[in-house]
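Asks: Next comes the structure file model12.txt, holding compact mmCIF, C-alpha atoms.
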# COMPACT_ATOMS: atom_id res chain seq x y z
CA MET A 1 -1.76 -86.19 25.89
CA HIS A 2 -0.61 -87.73 29.14
CA THR A 3 0.54 -91.19 30.10
CA VAL A 4 -1.31 -93.71 32.21
CA THR A 5 0.27 -96.85 33.60
CA VAL A 6 -0.88 -100.39 34.11
CA GLY A 7 -3.39 -100.41 36.92
CA ALA A 8 -5.14 -97.24 35.79
CA PRO A 9 -8.87 -96.95 36.55
CA GLY A 10 -10.78 -99.97 35.30
CA THR A 11 -7.83 -102.20 34.48
CA VAL A 12 -6.69 -105.37 36.12
CA SER A 13 -3.11 -106.05 37.15
CA THR A 14 -1.47 -108.69 35.01
CA ALA A 15 1.24 -109.76 37.45
CA PRO A 16 0.90 -113.56 37.48
CA PRO A 17 0.36 -115.01 40.97
CA LEU A 18 1.70 -118.44 40.04
CA ASP A 19 3.35 -118.39 36.63
CA ILE A 20 4.38 -122.05 36.53
CA SER A 21 4.45 -123.59 33.05
CA LEU A 22 2.05 -126.44 32.32
CA LEU A 23 3.65 -127.23 28.97
CA HIS A 24 7.35 -127.31 29.89
CA GLY A 25 9.48 -127.78 32.97
CA TRP A 26 9.03 -129.71 36.17
CA PHE A 27 5.43 -129.20 37.28
CA SER A 28 3.47 -131.58 35.05
CA PRO A 29 5.94 -134.52 35.25
CA ALA A 30 6.17 -134.12 39.03
CA PHE A 31 2.40 -134.02 39.45
CA GLU A 32 1.91 -137.01 37.16
CA ALA A 33 4.52 -139.01 39.09
CA LEU A 34 2.73 -138.16 42.37
CA ALA A 35 -0.59 -139.29 40.91
CA VAL A 36 0.85 -142.63 39.76
CA PHE A 37 2.52 -143.23 43.13
CA ALA A 38 -0.68 -142.48 45.04
CA LEU A 39 -2.73 -144.78 42.81
CA VAL A 40 -0.27 -147.69 43.05
CA VAL A 41 -0.09 -147.45 46.85
CA ALA A 42 -3.85 -147.11 47.19
CA LEU A 43 -4.82 -149.93 44.85
CA GLY A 44 -1.70 -152.10 44.79
CA ARG A 45 -1.22 -155.55 46.24
CA ARG A 46 -3.54 -156.36 49.11
CA SER A 47 -2.67 -159.37 51.27
CA ASP A 48 -6.10 -159.18 52.85
CA ASP A 49 -7.99 -159.80 49.63
CA GLY A 50 -7.06 -162.78 47.44
CA ARG A 51 -9.54 -161.73 44.74
CA HIS A 52 -7.46 -158.66 43.99
CA TRP A 53 -5.27 -160.55 41.52
CA PHE A 54 -8.35 -161.55 39.56
CA TRP A 55 -9.53 -157.97 39.19
CA ILE A 56 -6.20 -156.46 38.11
CA PRO A 57 -6.19 -157.95 34.56
CA MET A 58 -9.91 -157.17 34.34
CA ALA A 59 -9.21 -153.55 35.24
CA VAL A 60 -6.40 -153.34 32.69
CA SER A 61 -8.82 -154.66 30.04
CA VAL A 62 -11.41 -152.07 31.02
CA GLY A 63 -8.78 -149.33 30.84
CA GLY A 64 -7.77 -150.47 27.37
CA ALA A 65 -11.39 -150.58 26.23
CA VAL A 66 -11.97 -147.04 27.48
CA CYS A 67 -8.90 -145.82 25.60
CA ALA A 68 -10.07 -147.59 22.43
CA GLY A 69 -13.50 -146.02 22.74
CA ALA A 70 -12.00 -142.59 23.33
CA TRP A 71 -9.71 -143.03 20.31
CA PHE A 72 -12.66 -143.96 18.11
CA TRP A 73 -14.78 -141.03 19.31
CA LEU A 74 -11.96 -138.50 18.88
CA ASP A 75 -11.25 -139.86 15.42
CA THR A 76 -14.90 -139.48 14.36
CA GLN A 77 -14.71 -135.86 15.52
CA GLY A 78 -11.61 -135.27 13.40
CA TRP A 79 -9.43 -134.54 16.45
CA MET A 80 -6.48 -136.72 15.35
CA PRO A 81 -6.08 -139.04 18.39
CA GLU A 82 -2.82 -140.31 16.93
CA THR A 83 -1.24 -136.97 17.89
CA ALA A 84 -2.17 -137.30 21.57
CA PRO A 85 0.77 -137.87 23.96
CA VAL A 86 1.27 -141.31 25.48
CA THR A 87 0.60 -139.85 28.93
CA PHE A 88 -2.96 -138.96 27.88
CA TRP A 89 -3.80 -142.58 27.06
CA PHE A 90 -1.93 -143.87 30.11
CA PHE A 91 -3.84 -141.68 32.55
CA ALA A 92 -7.19 -142.21 30.78
CA GLY A 93 -6.72 -145.96 31.05
CA ALA A 94 -5.39 -145.73 34.61
CA LEU A 95 -8.42 -143.68 35.69
CA ALA A 96 -10.86 -146.24 34.31
CA ALA A 97 -8.91 -149.15 35.78
CA GLY A 98 -8.53 -147.39 39.12
CA LEU A 99 -12.25 -146.68 39.38
CA LEU A 100 -13.05 -150.37 38.82
CA LEU A 101 -10.49 -151.57 41.40
CA ALA A 102 -11.71 -148.98 43.89
CA VAL A 103 -15.32 -150.14 43.58
CA VAL A 104 -14.68 -153.90 43.80
CA GLY A 105 -12.14 -153.57 46.60
CA TRP A 106 -13.81 -150.89 48.69
CA ARG A 107 -15.48 -153.12 51.26
CA SER A 108 -12.36 -155.18 52.01
CA ALA A 109 -9.91 -152.26 51.95
CA ARG A 110 -8.45 -150.83 55.15
CA TRP A 111 -9.38 -147.30 56.16
CA TRP A 112 -6.08 -145.79 55.04
CA ARG A 113 -6.38 -147.37 51.58
CA ARG A 114 -9.89 -145.95 51.23
CA THR A 115 -8.63 -142.52 52.23
CA LEU A 116 -5.72 -142.68 49.81
CA THR A 117 -8.02 -143.91 47.04
CA VAL A 118 -10.25 -140.87 47.50
CA VAL A 119 -7.14 -138.72 47.06
CA ALA A 120 -5.47 -140.73 44.28
CA LEU A 121 -8.35 -140.92 41.80
CA PRO A 122 -8.83 -137.13 41.55
CA LEU A 123 -5.05 -136.79 41.11
CA VAL A 124 -5.20 -139.23 38.20
CA ALA A 125 -8.14 -137.33 36.71
CA ILE A 126 -6.07 -134.15 36.91
CA GLY A 127 -3.27 -136.13 35.23
CA VAL A 128 -5.64 -136.76 32.30
CA ALA A 129 -6.39 -133.03 32.15
CA LEU A 130 -2.69 -132.10 32.27
CA ALA A 131 -1.89 -134.52 29.45
CA ALA A 132 -4.80 -133.15 27.40
CA ASP A 133 -3.51 -129.64 28.04
CA GLN A 134 -0.03 -130.62 26.89
CA TRP A 135 -1.67 -132.03 23.76
CA SER A 136 -3.73 -128.91 23.01
CA GLY A 137 -1.59 -126.18 24.58
CA TYR A 138 -4.87 -124.77 25.91
CA TYR A 139 -3.43 -123.36 29.14
CA THR A 140 0.24 -122.45 29.17
CA SER A 141 0.65 -121.89 32.91
CA VAL A 142 -1.01 -122.48 36.28
CA ASP A 143 -2.17 -118.90 36.63
CA ARG A 144 -3.78 -118.89 33.16
CA ALA A 145 -5.53 -122.16 33.94
CA TRP A 146 -6.79 -120.71 37.22
CA ASP A 147 -8.08 -117.57 35.52
CA GLY A 148 -9.77 -119.62 32.81
CA LEU A 149 -11.36 -122.17 35.14
CA THR A 150 -12.56 -119.49 37.56
CA ALA A 151 -13.66 -117.09 34.78
CA GLY A 152 -11.16 -114.51 35.98
CA PRO A 153 -10.77 -111.24 34.07
CA LEU A 154 -8.51 -111.00 31.06
CA PRO A 155 -5.29 -108.95 31.22
CA HIS A 156 -6.05 -105.20 31.13
CA GLN A 157 -9.77 -105.84 31.08
CA THR A 158 -12.12 -102.98 31.85
CA SER A 159 -15.78 -102.14 31.34
CA PRO A 160 -17.09 -100.13 28.38
CA ALA A 161 -18.26 -97.43 30.78
CA LYS A 162 -14.70 -96.86 32.03
CA LEU A 163 -13.12 -96.43 28.60
CA VAL A 164 -13.56 -92.67 28.95
CA ALA A 165 -10.85 -92.74 31.64
CA PHE A 166 -8.31 -93.72 28.97
CA GLN A 167 -9.41 -91.45 26.15
CA GLY A 168 -6.72 -88.97 25.13
CA THR A 169 -4.02 -90.84 27.03
CA ASN A 170 -0.82 -92.64 26.09
CA THR A 171 -1.63 -96.11 27.38
CA PRO A 172 1.33 -98.54 27.30
CA THR A 173 -0.86 -101.54 26.38
CA GLY A 174 -4.15 -102.25 24.75
CA VAL A 175 -7.35 -102.57 26.76
CA ILE A 176 -9.91 -105.39 26.58
CA VAL A 177 -13.63 -104.77 27.06
CA PRO A 178 -16.52 -107.26 27.17
CA ILE A 179 -19.33 -106.67 24.71
CA ALA A 180 -22.92 -107.86 24.53
CA VAL A 181 -23.81 -108.05 20.85
CA PRO A 182 -27.58 -108.38 20.22
CA ALA A 183 -28.50 -111.51 18.24
CA ASN A 184 -31.75 -110.24 16.77
CA ARG A 185 -31.03 -111.64 13.30
CA SER A 186 -29.04 -114.81 14.02
CA HIS A 187 -30.78 -115.80 17.28
CA PHE A 188 -27.45 -117.41 18.15
CA ARG A 189 -27.09 -117.84 21.91
CA HIS A 190 -23.51 -116.73 22.35
CA ARG A 191 -21.46 -116.09 25.45
CA THR A 192 -19.82 -112.78 26.36
CA GLU A 193 -17.52 -111.60 23.58
CA TYR A 194 -14.62 -109.14 23.82
CA VAL A 195 -12.89 -106.36 21.95
CA TYR A 196 -9.17 -105.55 22.24
CA LEU A 197 -8.51 -101.82 21.70
CA PRO A 198 -4.86 -100.99 20.88
CA PRO A 199 -3.04 -98.01 22.44
CA ALA A 200 -3.58 -95.85 19.33
CA TRP A 201 -7.33 -96.07 19.88
CA PHE A 202 -6.89 -93.87 22.95
CA HIS A 203 -4.40 -91.35 21.56
CA THR A 204 -7.03 -88.82 20.49
CA PRO A 205 -10.19 -87.58 22.21
CA ARG A 206 -12.22 -89.33 19.51
CA PRO A 207 -11.24 -92.91 18.60
CA THR A 208 -9.26 -93.41 15.41
CA ALA A 209 -10.88 -95.52 12.67
CA LEU A 210 -8.51 -98.47 12.92
CA PRO A 211 -8.57 -101.79 11.02
CA ALA A 212 -10.39 -104.62 12.80
CA VAL A 213 -9.82 -108.36 12.92
CA ILE A 214 -12.25 -111.10 13.90
CA MET A 215 -10.43 -113.72 16.03
CA ILE A 216 -11.79 -117.30 16.11
CA GLY A 217 -10.54 -120.30 18.09
CA GLY A 218 -10.95 -124.06 17.81
CA VAL A 219 -13.83 -126.44 18.46
CA VAL A 220 -13.44 -126.59 22.24
CA THR A 221 -13.20 -122.88 22.78
CA THR A 222 -14.22 -119.77 24.65
CA PRO A 223 -14.02 -116.17 23.38
CA GLU A 224 -11.11 -115.60 25.78
CA ASP A 225 -8.88 -118.31 24.29
CA TRP A 226 -7.04 -116.14 21.78
CA VAL A 227 -5.84 -114.11 24.77
CA ARG A 228 -5.30 -116.81 27.41
CA SER A 229 -3.95 -119.52 25.09
CA GLY A 230 -3.03 -117.70 21.88
CA ASN A 231 -1.27 -114.68 23.46
CA ALA A 232 -3.00 -112.45 20.90
CA ALA A 233 -3.21 -109.39 23.14
CA ALA A 234 0.46 -109.64 24.13
CA THR A 235 1.43 -110.09 20.47
CA ALA A 236 -0.64 -107.06 19.46
CA ASP A 237 0.87 -105.02 22.31
CA ARG A 238 4.39 -105.83 21.11
CA TYR A 239 3.46 -104.87 17.56
CA ALA A 240 1.87 -101.64 18.76
CA SER A 241 4.90 -100.67 20.82
CA ALA A 242 7.01 -100.79 17.63
CA HIS A 243 4.44 -98.93 15.50
CA GLY A 244 3.43 -95.88 17.48
CA GLY A 245 0.67 -97.67 19.35
CA VAL A 246 -1.05 -98.83 16.16
CA ALA A 247 -2.43 -102.37 16.02
CA PRO A 248 -5.77 -103.75 14.90
CA ILE A 249 -8.93 -103.74 16.94
CA MET A 250 -9.32 -107.45 17.70
CA VAL A 251 -12.80 -108.89 18.13
CA LEU A 252 -12.82 -112.07 20.21
CA ILE A 253 -16.04 -113.72 19.08
CA ASP A 254 -17.87 -116.75 20.41
CA PRO A 255 -18.19 -119.21 17.49
CA THR A 256 -19.80 -122.07 19.41
CA GLY A 257 -21.93 -120.87 22.32
CA SER A 258 -20.56 -123.68 24.52
CA LEU A 259 -17.59 -126.02 24.84
CA THR A 260 -19.40 -128.89 23.12
CA ASN A 261 -21.10 -127.21 20.14
CA ASP A 262 -19.02 -127.49 16.96
CA THR A 263 -20.63 -124.99 14.58
CA GLU A 264 -17.79 -124.52 12.05
CA CYS A 265 -19.14 -120.93 11.84
CA VAL A 266 -21.86 -121.92 9.38
CA ASP A 267 -25.58 -121.15 9.48
CA GLY A 268 -27.29 -124.37 10.53
CA PRO A 269 -29.03 -126.30 13.30
CA ARG A 270 -26.18 -125.63 15.75
CA GLY A 271 -26.42 -121.87 15.32
CA ASN A 272 -26.36 -119.16 12.68
CA VAL A 273 -22.78 -118.12 13.32
CA ASP A 274 -22.06 -116.75 9.84
CA THR A 275 -25.00 -114.37 10.21
CA HIS A 276 -23.91 -113.47 13.74
CA VAL A 277 -20.41 -112.46 12.63
CA VAL A 278 -21.33 -110.63 9.43
CA ASP A 279 -24.65 -109.01 10.28
CA GLU A 280 -24.29 -108.46 14.04
CA VAL A 281 -20.71 -108.41 15.33
CA ARG A 282 -19.17 -106.42 12.48
CA PRO A 283 -21.75 -103.57 12.51
CA TYR A 284 -21.64 -103.49 16.31
CA VAL A 285 -17.87 -102.95 16.41
CA ILE A 286 -18.09 -100.25 13.74
CA SER A 287 -20.84 -98.34 15.55
CA HIS A 288 -19.59 -98.76 19.13
CA PHE A 289 -15.81 -98.55 18.65
CA GLY A 290 -15.40 -96.52 15.48
CA ALA A 291 -13.66 -99.25 13.49
CA SER A 292 -13.23 -98.57 9.80
CA PRO A 293 -16.33 -99.70 7.86
CA PHE A 294 -14.42 -100.52 4.67
CA ALA A 295 -13.91 -104.15 3.66
CA ARG A 296 -10.23 -103.60 2.91
CA HIS A 297 -9.70 -102.73 6.60
CA TRP A 298 -11.35 -105.87 8.00
CA GLY A 299 -9.68 -109.24 8.49
CA VAL A 300 -10.43 -112.57 10.11
CA VAL A 301 -7.91 -114.89 11.79
CA GLY A 302 -8.58 -118.40 13.01
CA TRP A 303 -6.81 -121.44 14.38
CA SER A 304 -7.99 -125.05 13.86
CA MET A 305 -11.78 -124.86 13.43
CA GLY A 306 -11.30 -121.09 13.46
CA GLY A 307 -8.98 -121.39 10.46
CA THR A 308 -11.76 -123.10 8.52
CA CYS A 309 -14.09 -120.32 9.66
CA ALA A 310 -11.63 -117.60 8.59
CA VAL A 311 -11.25 -118.69 4.98
CA ASP A 312 -14.96 -119.44 4.71
CA LEU A 313 -16.11 -116.07 6.04
CA ALA A 314 -13.68 -114.14 3.83
CA VAL A 315 -14.30 -115.90 0.54
CA ARG A 316 -18.06 -115.84 1.12
CA HIS A 317 -18.07 -112.15 2.02
CA PRO A 318 -15.31 -110.35 0.07
CA ASP A 319 -17.43 -107.21 0.30
CA MET A 320 -16.84 -107.23 4.07
CA PHE A 321 -13.30 -108.62 4.51
CA GLY A 322 -10.00 -107.75 2.87
CA ALA A 323 -7.75 -110.42 4.39
CA PHE A 324 -7.83 -113.68 6.31
CA ALA A 325 -5.41 -116.06 8.00
CA ASP A 326 -6.24 -119.76 8.04
CA ILE A 327 -4.01 -121.42 10.65
CA SER A 328 -4.34 -125.23 10.67
CA GLY A 329 -7.89 -125.26 9.37
CA ASP A 330 -9.62 -128.04 7.46
CA LEU A 331 -10.51 -128.34 3.79
CA VAL A 332 -14.26 -128.01 4.46
CA PRO A 333 -16.43 -127.35 7.52
CA ASN A 334 -16.76 -130.72 9.20
CA ALA A 335 -18.00 -132.38 12.36
CA GLY A 336 -16.58 -135.84 11.70
CA ASP A 337 -17.08 -137.77 8.46
CA HIS A 338 -18.94 -136.33 5.45
CA ALA A 339 -22.33 -137.85 6.23
CA GLY A 340 -22.10 -136.88 9.88
CA SER A 341 -21.07 -133.34 8.98
CA VAL A 342 -24.00 -132.86 6.59
CA ARG A 343 -26.39 -134.19 9.22
CA ALA A 344 -24.99 -132.24 12.18
CA LEU A 345 -24.11 -128.94 10.54
CA PHE A 346 -26.79 -128.67 7.83
CA GLY A 347 -29.68 -130.82 9.01
CA GLY A 348 -29.02 -133.39 6.29
CA ASN A 349 -29.10 -130.85 3.44
CA SER A 350 -26.03 -131.64 1.35
CA ALA A 351 -26.69 -128.66 -0.92
CA ALA A 352 -26.25 -126.37 2.08
CA LEU A 353 -22.71 -127.69 2.49
CA ASP A 354 -21.80 -126.29 -0.91
CA ARG A 355 -22.71 -122.80 0.32
CA PHE A 356 -19.99 -123.11 2.97
CA ASP A 357 -17.41 -125.27 1.18
CA PRO A 358 -14.64 -122.69 0.57
CA THR A 359 -13.37 -124.41 -2.58
CA THR A 360 -16.84 -124.47 -4.11
CA VAL A 361 -17.46 -120.89 -3.01
CA MET A 362 -14.22 -119.63 -4.58
CA VAL A 363 -14.79 -121.45 -7.87
CA ARG A 364 -18.37 -120.22 -8.12
CA HIS A 365 -17.37 -116.65 -7.26
CA GLY A 366 -14.70 -116.43 -9.91
CA ASN A 367 -11.95 -113.83 -9.97
CA TYR A 368 -11.49 -111.83 -6.77
CA ASP A 369 -9.21 -109.42 -8.69
CA GLY A 370 -6.64 -109.21 -5.91
CA ARG A 371 -9.09 -107.55 -3.52
CA LEU A 372 -8.70 -110.36 -1.01
CA ASN A 373 -5.51 -111.54 0.73
CA GLY A 374 -5.13 -115.00 2.25
CA TRP A 375 -2.53 -116.55 4.57
CA PHE A 376 -2.60 -120.36 4.73
CA GLN A 377 -0.40 -122.02 7.33
CA SER A 378 -0.38 -125.40 8.98
CA GLU A 379 1.81 -127.72 10.96
CA GLY A 380 3.46 -130.33 8.81
CA ARG A 381 5.56 -130.59 5.67
CA TRP A 382 4.45 -130.23 2.08
CA ALA A 383 6.22 -132.41 -0.46
CA ASP A 384 5.76 -133.44 -4.07
CA SER A 385 4.65 -136.97 -3.35
CA PRO A 386 1.54 -139.12 -3.86
CA ARG A 387 0.28 -138.12 -0.41
CA GLY A 388 1.39 -134.51 -0.81
CA GLY A 389 1.68 -133.50 2.81
CA SER A 390 2.46 -135.01 6.19
CA THR A 391 -0.79 -133.89 7.90
CA PRO A 392 -4.42 -133.40 6.78
CA GLN A 393 -4.14 -129.72 7.67
CA ILE A 394 -1.11 -129.05 5.48
CA ARG A 395 -2.84 -130.82 2.60
CA ALA A 396 -5.93 -128.68 3.18
CA ALA A 397 -3.84 -125.50 3.31
CA HIS A 398 -2.07 -126.36 0.07
CA SER A 399 -5.29 -127.24 -1.74
CA LEU A 400 -7.13 -124.11 -0.59
CA SER A 401 -4.20 -121.79 -1.29
CA THR A 402 -3.83 -123.26 -4.79
CA THR A 403 -7.51 -122.67 -5.54
CA ALA A 404 -7.35 -119.19 -3.99
CA ALA A 405 -4.40 -118.19 -6.16
CA ARG A 406 -6.24 -119.37 -9.28
CA VAL A 407 -9.19 -117.09 -8.55
CA GLY A 408 -7.20 -113.95 -7.92
CA ILE A 409 -6.66 -114.07 -4.16
CA ARG A 410 -3.17 -112.96 -3.15
CA THR A 411 -1.92 -115.85 -1.06
CA VAL A 412 0.82 -116.93 1.31
CA PHE A 413 1.32 -120.66 1.95
CA ARG A 414 3.44 -121.99 4.80
CA GLY A 415 4.10 -125.38 6.28
CA THR A 416 6.11 -125.28 9.48
CA PRO A 417 7.07 -127.80 12.17
CA GLY A 418 4.86 -128.17 15.20
CA GLY A 419 1.84 -129.92 16.65
CA HIS A 420 -1.86 -129.14 16.40
CA SER A 421 -1.93 -127.04 19.55
CA TRP A 422 -2.61 -123.54 20.77
CA ALA A 423 1.14 -123.01 21.08
CA TYR A 424 1.40 -123.47 17.31
CA GLY A 425 -1.48 -121.05 16.72
CA ALA A 426 0.07 -118.46 19.02
CA ASN A 427 3.46 -118.64 17.28
CA ALA A 428 1.82 -118.44 13.86
CA PHE A 429 -0.06 -115.28 14.84
CA VAL A 430 3.25 -113.59 15.62
CA ASP A 431 4.19 -114.02 11.94
CA VAL A 432 0.68 -113.30 10.65
CA LEU A 433 0.15 -109.94 12.36
CA PRO A 434 2.70 -107.82 10.43
CA TRP A 435 1.51 -109.31 7.14
CA LEU A 436 -2.09 -108.74 8.15
CA MET A 437 -1.54 -105.09 9.04
CA SER A 438 0.14 -104.55 5.68
CA ALA A 439 -2.75 -106.25 3.87
CA LEU A 440 -5.39 -104.17 5.69
CA ARG A 441 -3.93 -100.75 4.85
Here is a file; write its structure as structure tokens.
Replies:
Amino acid sequence: MHTVTVGAPGTVSTAPPLDISLLHGWFSPAFEALAVFALVVALGRRSDDGRHWFWIPMAVSVGGAVCAGAWFWLDTQGWMPETAPVTFWFFAGALAAGLLLAVVGWRSARWWRRTLTVVALPLVAIGVALAADQWSGYYTSVDRAWDGLTAGPLPHQTSPAKLVAFQGTNTPTGVIVPIAVPANRSHFRHRTEYVYLPPAWFHTPRPTALPAVIMIGGVVTTPEDWVRSGNAAATADRYASAHGGVAPIMVLIDPTGSLTNDTECVDGPRGNVDTHVVDEVRPYVISHFGASPFARHWGVVGWSMGGTCAVDLAVRHPDMFGAFADISGDLVPNAGDHAGSVRALFGGNSAALDRFDPTTVMVRHGNYDGRLNGWFQSEGRWADSPRGGSTPQIRAAHSLSTTAARVGIRTVFRGTPGGHSWAYGANAFVDVLPWLMSALR
């Protein structure tokens, strides 16, 4: 066995070109201040247009109406608008108000105000995006945002054809490869998915039959998010470095097919994702990457919507999964309120919801006899009170873990401080991984 270093054939250098934090530090506040300054100068008091004072309160009203509409829509989607930062609502309202003032004042504005307006409004729009990113933790730094927005390669990404260059070597990190899983059974139109192969996979001429874990992100997601936003590959690399290169094969699936298709990983009008994972992705990884075929060696981890998917997949298919981690998932698959969820996810068939309601599934299944392990974690605090918990997610985690324990699933329940963001999911996975590897032995 010999050693290869980062930058070996087929890999991509991971040295960040511009590793400036978007979640902490100076960049976001400085950019937001610049955007506000540019907008005020561009659309502020104009001595050449007396009507301007009439339009300012009108614009403020329009901005408030847009924020109210956005709040209502986010609430119907179950995205907890009350947790959004104040800056998100400020910039959303300012963008709407600024657009109105720009339109009504364009003809009377001087050339330099027009020019500055063309610059200021995109800056404010970016301010909305930055505030949304601080809310979700989607991109942690400028370079990760650039890679994500430009569809840049993942760290240590290579092609399946070049894996032979690593076989029988002592690679210092895992390698990520894109996969094209046929959807002959599910007919689910998914994007490119990925597999993370830990260093131990390359230690012998023939790949070792390692445990495998399905990784699932939130509603607005791409298959790359567990790497770009959840630091899953870096977490697995650190674990592997302390365990002789051993870590799970991680399968970064596409649970939605697009950024606007909330499937909740069920089989329904929005896509047969359950069938895709169980009948297509899992066999593909076993046959192409030599993952262990035994249920006790397969796990599923999810954050937010992915957490709901994780518990659902595992309790529905205990013959295919031995462990799951539900991080900040919901009580049931949902796409808003109950009626809207039944209509959107199951074509109006309420009986179909019962097939994917994890509580109903567990009760109907009966005793799992300790063959399944479940980790339930959410942001918030659980307390013995009439409300029970401080967030809907912690209440869901407590309810599901209680039911799971009653039907013979070995469970862990945790409520920890934090917000509903990718940063929380990433930190939770650091704790989950050692437990998961122990459960999948």
Asks: Write out as an NGL selection string each polymer residue whose atoms come within 9 Å of region 406-415 of chain A, counting only C-alpha atoms; drop sequence neighbours fewer than 2 positions from it.
Replies: :A and (362-363 or 365-382 or 394 or 397-398 or 401-404 or 417)
Asks: For the residues in the current selection, export C-alpha atoms as an mmCIF file, in the coordinates of the input.
Replies:
data_model
loop_
_atom_site.group_PDB
_atom_site.id
_atom_site.type_symbol
_atom_site.label_atom_id
_atom_site.label_comp_id
_atom_site.auth_asym_id
_atom_site.auth_seq_id
_atom_site.Cartn_x
_atom_site.Cartn_y
_atom_site.Cartn_z
ATOM 1 C CA MET A 362 -14.220 -119.630 -4.580
ATOM 2 C CA VAL A 363 -14.790 -121.450 -7.870
ATOM 3 C CA HIS A 365 -17.370 -116.650 -7.260
ATOM 4 C CA GLY A 366 -14.700 -116.430 -9.910
ATOM 5 C CA ASN A 367 -11.950 -113.830 -9.970
ATOM 6 C CA TYR A 368 -11.490 -111.830 -6.770
ATOM 7 C CA ASP A 369 -9.210 -109.420 -8.690
ATOM 8 C CA GLY A 370 -6.640 -109.210 -5.910
ATOM 9 C CA ARG A 371 -9.090 -107.550 -3.520
ATOM 10 C CA LEU A 372 -8.700 -110.360 -1.010
ATOM 11 C CA ASN A 373 -5.510 -111.540 0.730
ATOM 12 C CA GLY A 374 -5.130 -115.000 2.250
ATOM 13 C CA TRP A 375 -2.530 -116.550 4.570
ATOM 14 C CA PHE A 376 -2.600 -120.360 4.730
ATOM 15 C CA GLN A 377 -0.400 -122.020 7.330
ATOM 16 C CA SER A 378 -0.380 -125.400 8.980
ATOM 17 C CA GLU A 379 1.810 -127.720 10.960
ATOM 18 C CA GLY A 380 3.460 -130.330 8.810
ATOM 19 C CA ARG A 381 5.560 -130.590 5.670
ATOM 20 C CA TRP A 382 4.450 -130.230 2.080
ATOM 21 C CA ILE A 394 -1.110 -129.050 5.480
ATOM 22 C CA ALA A 397 -3.840 -125.500 3.310
ATOM 23 C CA HIS A 398 -2.070 -126.360 0.070
ATOM 24 C CA SER A 401 -4.200 -121.790 -1.290
ATOM 25 C CA THR A 402 -3.830 -123.260 -4.790
ATOM 26 C CA THR A 403 -7.510 -122.670 -5.540
ATOM 27 C CA ALA A 404 -7.350 -119.190 -3.990
ATOM 28 C CA PRO A 417 7.070 -127.800 12.170
#
Asks: As JSON, please report the centre and edge lengths, rounded to one decimal in Å, of the axis-aligned box that holds all listed atoms of region 407-412 of chain A with 4 Å of padding on each of the six sides.
Replies:
{"center_x": -4.2, "center_y": -115.0, "center_z": -3.6, "size_x": 18.0, "size_y": 12.1, "size_z": 17.9}
Asks: Could you tell me how far CA of Asp354 (chain A) sits from CA of Phe324 (chain A), in Å to one decimal place?
Replies: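 Going from CA of Phe324 (chain A) over to CA of Asp354 (chain A) covers 20.2 Å.
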Asks: Nearest residue to Gly306 (chain A) out of A:Ser390, A:Thr221, A:Ser141, A:Ser241, using only C-alpha atoms?
Replies: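 Using only C-alpha atoms, the shortest distance to Gly306 (chain A) belongs to A:Thr221.
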Asks: Counting all atoms listed in the file, figure out which residue out of A:Val128, A:Leu43, A:Ala70, A:Ala383 gets nearest to Ala102 (chain A).
Replies: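 Nearest candidate to Ala102 (chain A) out of A:Val128, A:Leu43, A:Ala70, A:Ala383: A:Leu43.
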Asks: May I ask for the distance between CA of Phe72 (chain A) and CA of Ala84 (chain A), given in Å to one decimal place?
Replies: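 Result for CA of Phe72 (chain A) versus CA of Ala84 (chain A): 12.9 Å, one decimal.
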Asks: Select, from A:Pro358, A:Pro211, A:Gly329, A:Gly217, the residue with the minimum atom-to-atom distance to Arg296 (chain A), counting all atoms listed in the file.
Replies: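 Counting all atoms listed in the file, the residue closest to Arg296 (chain A) is A:Pro211.
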Asks: Counting all atoms listed in the file, which residue out of A:Leu121, A:Val285, A:Leu116, A:Ala295 sits closest to Leu197 (chain A)?
Replies: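 The shortest atom-to-atom distance to Leu197 (chain A) comes from A:Val285.
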Asks: Would you list the residues near (-11.1, -141.3, 45.6) (no more than 12 Å away, in the coordinates of the file, using only C-alpha atoms) as a list in words?
Replies: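 Residues found, by chain and rising number: Ala35, Ala38, Leu39, Ala42, Leu43, Leu95, Gly98, Leu99, Leu100, Leu101, Ala102, Val103, Trp106, Trp112, Arg113, Arg114, Thr115, Leu116, Thr117, Val118, Val119, Ala120, Leu121, Pro122, Leu123, Val124 and Ala125 of chain A.
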Asks: Could you list, as a list of chain:residue names, every residue within 7 Å of Ala131 (chain A), counting all atoms listed in the file and ignoring same-chain residues fewer than 4 positions away?
Replies: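 Surrounding residues, per the criterion: A:Pro85, A:Thr87, A:Phe88, A:Gly127, A:Trp135.
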Asks: Smallest atom-to-atom distance to Gly168 (chain A): which of A:His203, A:His190, A:Arg316, A:Arg144, using only C-alpha atoms?
Replies: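 For Gly168 (chain A), the nearest of the given residues is A:His203.
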Asks: Please provide the set of residues having any atom within 9 Å of Phe321 (chain A), restricted to only C-alpha atoms, with same-chain residues fewer than 4 positions apart removed, written as a list in words.
Replies: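 Neighbouring residues, sequence-local ones excluded: Phe294, Ala295, Arg296, His297, Trp298, Gly299, Val300, Leu313, Ala314, Val315, His317 and Leu372 of chain A.
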Asks: Counting only C-alpha atoms, find the residues whose atoms lie at most 9 Å from (0.6, -126.6, 19.2) (file coordinates) and write them out as an MDAnalysis selection string.
Replies: chainID A and resid 134:138 379 418:427
Asks: Using all atoms listed in the file, which protein or nucleic acid residues come within 9 Å of Gly64 (chain A)? Drop anything in the same chain fewer than 6 positions from it, and give the result as a list in words.
Replies: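 In the requested form, the answer reads Trp89, Ala92, Gly93, Ala94, Ala96 and Ala97 of chain A.
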